[in-house]
Amino acid sequence: MSKDKVGTRTDFPPTPPEFLPEQQPDHPVTPYLRMERIPHVWCPGCGIGTVVKCFATALERSGADLDKVSVVSGIGCSGRAAGYLKLDGFHTTHGRAIPFATGLKLGRPELEVAVFSGDGDLSGIGGNHFIHAARRNMDLLVILINNFIYGMTGGQNAPTTPLTAKSSTMPFGNFEAPFNIPHLAASCGAPYVARWTCLHIRRLTWAMEEALDRKGFRLIEVIAPCPTLYSRLNKLGTGLNGMRFYHDNAEIRHGADTRELDIDFQKSITCGKFVDEERPTFLDQMNEHYGQVLGEKYVPMSPEGGWLHG
Amino acid sequence: MKADPIGVLTGAHYLDGDFACGEGAMAAGCRFVAGYPITPSTEVVERISRRFPTMGGTFIQMEDELASMAAVVGGSWTGTKSMTVTSGPGFSLMMENIGLAAMMETPCVVVNVQRGGPSTGLPTMVGQADVMQARWGSHGDYEIIAMSPQSPQEAFDLTIEAFNLSEIYRVPVMFLMDEIVGHMTERVVIPPADEIEVVPRALTGKTPEEFEPYQINGKPTPEFARAGDGYRFHTTGLTHDERGYPEMSVECQERCVRRLLEKITDNADRIVRFEEEATDDAEVVVVTYGITARVARLAIDMARRRGVKVGSVRLIVIWPFAEKLIRELAGKVRALVVPEINYGQLVLEVERCAAGKCAVLPVSHGGGSVHDPAVIAEVIVKAAAEAA
Ligand SMILES: Cc1ncc(C[n+]2csc(CCOP(=O)(O)OP(=O)(O)O)c2C)c(N)n1
Ligand code: SF4
Ligand SMILES: [Mg+2]
């Protein structure tokens, strides 16, 4: 740990206040979490938990009917989020959260389906599903946690690892060009595209709340520190150092041209909302098209799902 | 309960096996299909995509078979009966999420219209070489159910049965057609909806407070809650406890996985289905499934004309395997002859169950066509002569 980067603070790590268990005041998002599963698996200083907290707050503020919200994760540290949120939660296979979520949405169209997973999961192994769901404008809110690395498996290179950054499989530094995630989503037609870091608690929460109010393929990329692997392999210090870095280097440019959103190793990170447009979703288009072509013969799936009542 | 008439095309039709399978799915109440085109299975989804918009069903052509299978598992968790359709290469791509369906105990049907393999193999020609893959193609230990129809009529009837079994046992059911059954056109009679028995998704009667997604209470399978009904349940492909929460322990693995196996193996007698003919005084019994059963019938006639007492067993459910039946037969007959369009897959199970009590003779065929019945007949006659 390189203390100099933490600044002048001497009480690091801060001593937690002492409470007897029954006195422990409830965290405001406690009702949205599976408290019986806490402590969670994430490392101290990891950015993922903060994003879960922002999502829970956004859900609360959005006034969404939580009985109708499903959350789907793939595999990875970020992919554990579905297991901690007190919603219908699906922890699926590596890379397949988006198609699984597509099945949920099409099987019961009234559901609000959120995908919560990692950069490797959604843009590496699951990249094909990502671009096609964006192209179809499938009605999914996708929260992609970008920690620039494969965390769960020990710090291997990801399709998002910045050039020259080290990973356990690029020990001499990465020489592959990374994805620019917002640009990828926007070029495939996503109607809502934003990027924040997990330091931007209020803005991130607000973006999630706003995205919950939109329809179609909504992408929020969240840059989050992985102190255990990415920061350690690149000698970037603790999670707190990561936060400090975001504080000093995040640049907010709403509406920025998504072509300019590449992230270079330890350079500035452009944040903001880049796309916010209304476009008919997959279901809108299907319903409208069949309605036109088939007229009264068209029987759309009931919002509750196409099941047989037993 | 009875089928919903909106999905039932009652009447006598002239259909190929692929279309008949699609009609069976719609009659069974399937309302979500995700698939990716591949010969010789595509006609199933072509049929469905034309008819679904008139019955409240949704078909989506996904970007690949990984996505198709994942979408089907997701679709089924809404309570909407879900199915995917594919052939060899696509079946291989589906394997990981078939394992997920097994682990999460998700009712669904996977149709595989078998063609010649391995790899791209013989895309337009018949094979029966995915029998072992259907059973254990995904990693880890699990049990599924697999069925194999011999005609378009059976493709219709058994697809309904496949859905029903998938609901009762909460497993993916592998529907193993083959290119010839898929592409042959025959008379198919679709009964009125009120003569078709379908098993609806049995939703839990418990309150969200009482409900645990993998609590079985002495039954073979847990009760089901669908997404969106307020249960706020969790499910995972990780080894999990009764609450559906991951638990990485030897004890939990034993409890969780053993039950996945035993819900099928303990109920094998209820699931297994076969047709048996003239086995009582047979010297030789031919064990077949799918299109090969129809070819074997000619071979059996030939052998009978040459004086051999031949019986036959046609396996309708392939997995779980008709173990008891084969054990009994092996104690009575001189030889079991097993023709299949592969180099010897199901014959291994027959051999295992016969346990040396009689001869077991494969009649293998690499694929691309059915057997020449004379070749099967020759093996039958020889088996009878050698054993005598
Ligand atoms: C099919 C398959 N391949 C590989 C793995 C191993 N694996 C698990 S998580 C993971 C990477 C996760 O990276 P990311 O999505 O970025 O999540 P993070 O852990 O960084 O949050 C990999 C490769 C797997 N579970 N399944
Ligand atoms: S390994 Fe990295 S991403 Fe995973 S929990 Fe630890 S800090 Fe977070
Ligand atoms: Mg990652």
# chains A, B, ... in the order shown; residues from 1 in each chain; ligands from 1
$ residues_around --residues "A:His289" --least-positions-apart "6" --cutoff "12 Å" --atoms "only C-alpha atoms" --output "ChimeraX atom specification"
/A:280-283,295,298,300 /B:53
$ interface_residues --of "chain A" --to "chain B" --cutoff "8 Å" --atoms "only C-alpha atoms" --output "PyMOL selection string"
chain A and resi 66-70+82-83+86-93+96-97+99-108+111+128-129+132+290+297-302+305-310
$ residues_around --residues "B:Met125" --least-positions-apart "2" --cutoff "9 Å" --atoms "only C-alpha atoms" --output "ChimeraX atom specification"
/B:40,114-116,121-123,127,178-180,367-369
$ residues_around --residues "A:Val115" --least-positions-apart "6" --cutoff "9 Å" --atoms "only C-alpha atoms" --output "PyMOL selection string"
chain A and resi 70-74+82+97-98+101+140-144
$ write_last_selection --atoms "N, CA, C and O atoms" --output "PDB file, in the first residue's frame"
ATOM      1  N   SER A  70     -36.492  -8.031 -12.140  1.00  0.00           N
ATOM      2  CA  SER A  70     -35.568  -9.168 -12.070  1.00  0.00           C
ATOM      3  C   SER A  70     -34.166  -8.675 -12.349  1.00  0.00           C
ATOM      4  O   SER A  70     -33.971  -7.773 -13.166  1.00  0.00           O
ATOM      5  N   VAL A  71     -33.195  -9.285 -11.681  1.00  0.00           N
ATOM      6  CA  VAL A  71     -31.812  -8.921 -11.958  1.00  0.00           C
ATOM      7  C   VAL A  71     -31.062 -10.183 -12.368  1.00  0.00           C
ATOM      8  O   VAL A  71     -31.224 -11.244 -11.768  1.00  0.00           O
ATOM      9  N   VAL A  72     -30.288 -10.037 -13.435  1.00  0.00           N
ATOM     10  CA  VAL A  72     -29.589 -11.186 -14.013  1.00  0.00           C
ATOM     11  C   VAL A  72     -28.101 -10.878 -14.076  1.00  0.00           C
ATOM     12  O   VAL A  72     -27.700  -9.818 -14.558  1.00  0.00           O
ATOM     13  N   SER A  73     -27.293 -11.800 -13.582  1.00  0.00           N
ATOM     14  CA  SER A  73     -25.844 -11.648 -13.662  1.00  0.00           C
ATOM     15  C   SER A  73     -25.239 -12.820 -14.401  1.00  0.00           C
ATOM     16  O   SER A  73     -25.800 -13.917 -14.410  1.00  0.00           O
ATOM     17  N   GLY A  74     -24.071 -12.571 -14.977  1.00  0.00           N
ATOM     18  CA  GLY A  74     -23.274 -13.670 -15.518  1.00  0.00           C
ATOM     19  C   GLY A  74     -22.343 -14.147 -14.427  1.00  0.00           C
ATOM     20  O   GLY A  74     -22.739 -14.216 -13.261  1.00  0.00           O
ATOM     21  N   ALA A  82     -26.284 -10.154  -8.458  1.00  0.00           N
ATOM     22  CA  ALA A  82     -27.649 -10.709  -8.462  1.00  0.00           C
ATOM     23  C   ALA A  82     -27.925 -11.490  -7.191  1.00  0.00           C
ATOM     24  O   ALA A  82     -29.070 -11.638  -6.781  1.00  0.00           O
ATOM     25  N   ALA A  97     -25.688 -13.565 -19.511  1.00  0.00           N
ATOM     26  CA  ALA A  97     -26.716 -12.835 -18.751  1.00  0.00           C
ATOM     27  C   ALA A  97     -27.695 -12.142 -19.696  1.00  0.00           C
ATOM     28  O   ALA A  97     -28.905 -12.148 -19.454  1.00  0.00           O
ATOM     29  N   ILE A  98     -27.192 -11.555 -20.769  1.00  0.00           N
ATOM     30  CA  ILE A  98     -28.090 -10.805 -21.664  1.00  0.00           C
ATOM     31  C   ILE A  98     -29.102 -11.726 -22.364  1.00  0.00           C
ATOM     32  O   ILE A  98     -30.297 -11.442 -22.322  1.00  0.00           O
ATOM     33  N   ALA A 101     -31.610 -12.828 -19.792  1.00  0.00           N
ATOM     34  CA  ALA A 101     -32.506 -11.713 -19.471  1.00  0.00           C
ATOM     35  C   ALA A 101     -33.504 -11.480 -20.607  1.00  0.00           C
ATOM     36  O   ALA A 101     -34.665 -11.136 -20.374  1.00  0.00           O
ATOM     37  N   LEU A 140     -33.745  -3.905 -21.859  1.00  0.00           N
ATOM     38  CA  LEU A 140     -32.927  -4.347 -20.730  1.00  0.00           C
ATOM     39  C   LEU A 140     -32.101  -3.177 -20.225  1.00  0.00           C
ATOM     40  O   LEU A 140     -31.567  -2.405 -21.029  1.00  0.00           O
ATOM     41  N   LEU A 141     -31.991  -3.066 -18.904  1.00  0.00           N
ATOM     42  CA  LEU A 141     -31.057  -2.102 -18.314  1.00  0.00           C
ATOM     43  C   LEU A 141     -29.775  -2.856 -17.998  1.00  0.00           C
ATOM     44  O   LEU A 141     -29.783  -3.790 -17.195  1.00  0.00           O
ATOM     45  N   VAL A 142     -28.690  -2.485 -18.667  1.00  0.00           N
ATOM     46  CA  VAL A 142     -27.431  -3.210 -18.501  1.00  0.00           C
ATOM     47  C   VAL A 142     -26.439  -2.360 -17.710  1.00  0.00           C
ATOM     48  O   VAL A 142     -26.066  -1.270 -18.142  1.00  0.00           O
ATOM     49  N   ILE A 143     -26.045  -2.876 -16.547  1.00  0.00           N
ATOM     50  CA  ILE A 143     -25.026  -2.206 -15.740  1.00  0.00           C
ATOM     51  C   ILE A 143     -23.741  -3.009 -15.896  1.00  0.00           C
ATOM     52  O   ILE A 143     -23.667  -4.172 -15.467  1.00  0.00           O
ATOM     53  N   LEU A 144     -22.786  -2.410 -16.567  1.00  0.00           N
ATOM     54  CA  LEU A 144     -21.533  -3.098 -16.864  1.00  0.00           C
ATOM     55  C   LEU A 144     -20.439  -2.518 -15.978  1.00  0.00           C
ATOM     56  O   LEU A 144     -20.100  -1.345 -16.099  1.00  0.00           O
TER      57      LEU A 144
END
$ residues_near_ligand --ligand "ligand 2" --cutoff "10 Å" --atoms "only C-alpha atoms and all ligand atoms" --output "count of residues only"
38
$ residues_around --residues "stretch 170-175 of chain A" --least-positions-apart "6" --cutoff "9 Å" --atoms "only C-alpha atoms" --output "PyMOL selection string"
chain A and resi 156-157+161-164+233
$ decode --residues "stretch 126-198 of chain A" --atoms "C-alpha atoms" --output "short mmCIF file (atom, residue, chain, number, x, y, z; two decimals), in the first residue's frame"
data_model
loop_
_atom_site.label_atom_id
_atom_site.label_comp_id
_atom_site.auth_asym_id
_atom_site.auth_seq_id
_atom_site.Cartn_x
_atom_site.Cartn_y
_atom_site.Cartn_z
CA GLY A 126 -20.76 -12.25 -24.04
CA GLY A 127 -19.85 -9.57 -26.57
CA ASN A 128 -21.95 -11.05 -29.34
CA HIS A 129 -25.08 -10.92 -27.18
CA PHE A 130 -24.29 -7.36 -26.13
CA ILE A 131 -24.18 -6.02 -29.68
CA HIS A 132 -27.25 -7.93 -30.79
CA ALA A 133 -29.35 -6.92 -27.80
CA ALA A 134 -28.37 -3.30 -28.49
CA ARG A 135 -29.18 -3.73 -32.19
CA ARG A 136 -32.61 -5.15 -31.37
CA ASN A 137 -33.14 -2.53 -28.69
CA MET A 138 -34.10 -5.28 -26.28
CA ASP A 139 -35.74 -3.76 -23.24
CA LEU A 140 -32.93 -4.35 -20.73
CA LEU A 141 -31.06 -2.10 -18.31
CA VAL A 142 -27.43 -3.21 -18.50
CA ILE A 143 -25.03 -2.21 -15.74
CA LEU A 144 -21.53 -3.10 -16.86
CA ILE A 145 -18.85 -2.88 -14.19
CA ASN A 146 -15.57 -2.14 -15.87
CA ASN A 147 -12.59 -2.85 -13.65
CA PHE A 148 -10.33 -3.27 -16.70
CA ILE A 149 -9.66 -6.88 -15.78
CA TYR A 150 -10.97 -10.39 -15.17
CA GLY A 151 -11.27 -10.12 -11.41
CA MET A 152 -12.81 -13.40 -10.35
CA THR A 153 -10.24 -15.56 -12.11
CA GLY A 154 -7.21 -13.68 -10.84
CA GLY A 155 -6.47 -10.67 -12.99
CA GLN A 156 -6.23 -11.85 -16.57
CA ASN A 157 -6.43 -9.53 -19.55
CA ALA A 158 -9.89 -8.27 -20.48
CA PRO A 159 -11.19 -6.74 -23.72
CA THR A 160 -11.21 -3.50 -21.74
CA THR A 161 -7.68 -3.58 -20.34
CA PRO A 162 -6.03 -0.30 -21.37
CA LEU A 163 -2.97 -0.45 -23.61
CA THR A 164 0.25 -1.01 -21.62
CA ALA A 165 -1.61 -1.88 -18.41
CA LYS A 166 -0.44 -5.13 -16.85
CA SER A 167 -2.57 -8.17 -16.27
CA SER A 168 -1.61 -11.68 -15.22
CA THR A 169 -1.74 -12.86 -18.84
CA MET A 170 -0.12 -9.71 -20.23
CA PRO A 171 2.66 -9.53 -17.66
CA PHE A 172 4.67 -7.22 -19.92
CA GLY A 173 1.74 -4.91 -20.49
CA ASN A 174 -1.29 -5.17 -22.73
CA PHE A 175 -0.74 -4.63 -26.44
CA GLU A 176 -4.32 -5.31 -27.63
CA ALA A 177 -6.58 -2.36 -28.30
CA PRO A 178 -9.43 -2.28 -25.76
CA PHE A 179 -13.11 -1.73 -26.42
CA ASN A 180 -14.63 1.68 -25.97
CA ILE A 181 -17.79 0.34 -24.33
CA PRO A 182 -20.12 3.35 -24.70
CA HIS A 183 -19.15 3.68 -28.35
CA LEU A 184 -19.79 -0.01 -28.92
CA ALA A 185 -23.29 0.29 -27.43
CA ALA A 186 -24.08 3.56 -29.17
CA SER A 187 -22.95 2.33 -32.60
CA CYS A 188 -25.23 -0.68 -32.23
CA GLY A 189 -28.20 1.59 -31.59
CA ALA A 190 -28.53 1.71 -27.80
CA PRO A 191 -30.90 4.57 -26.93
CA TYR A 192 -29.40 5.30 -23.51
CA VAL A 193 -25.64 5.27 -22.89
CA ALA A 194 -23.82 6.65 -19.88
CA ARG A 195 -20.52 6.17 -18.06
CA TRP A 196 -19.70 6.99 -14.46
CA THR A 197 -17.13 5.85 -11.96
CA CYS A 198 -18.18 4.39 -8.65
#
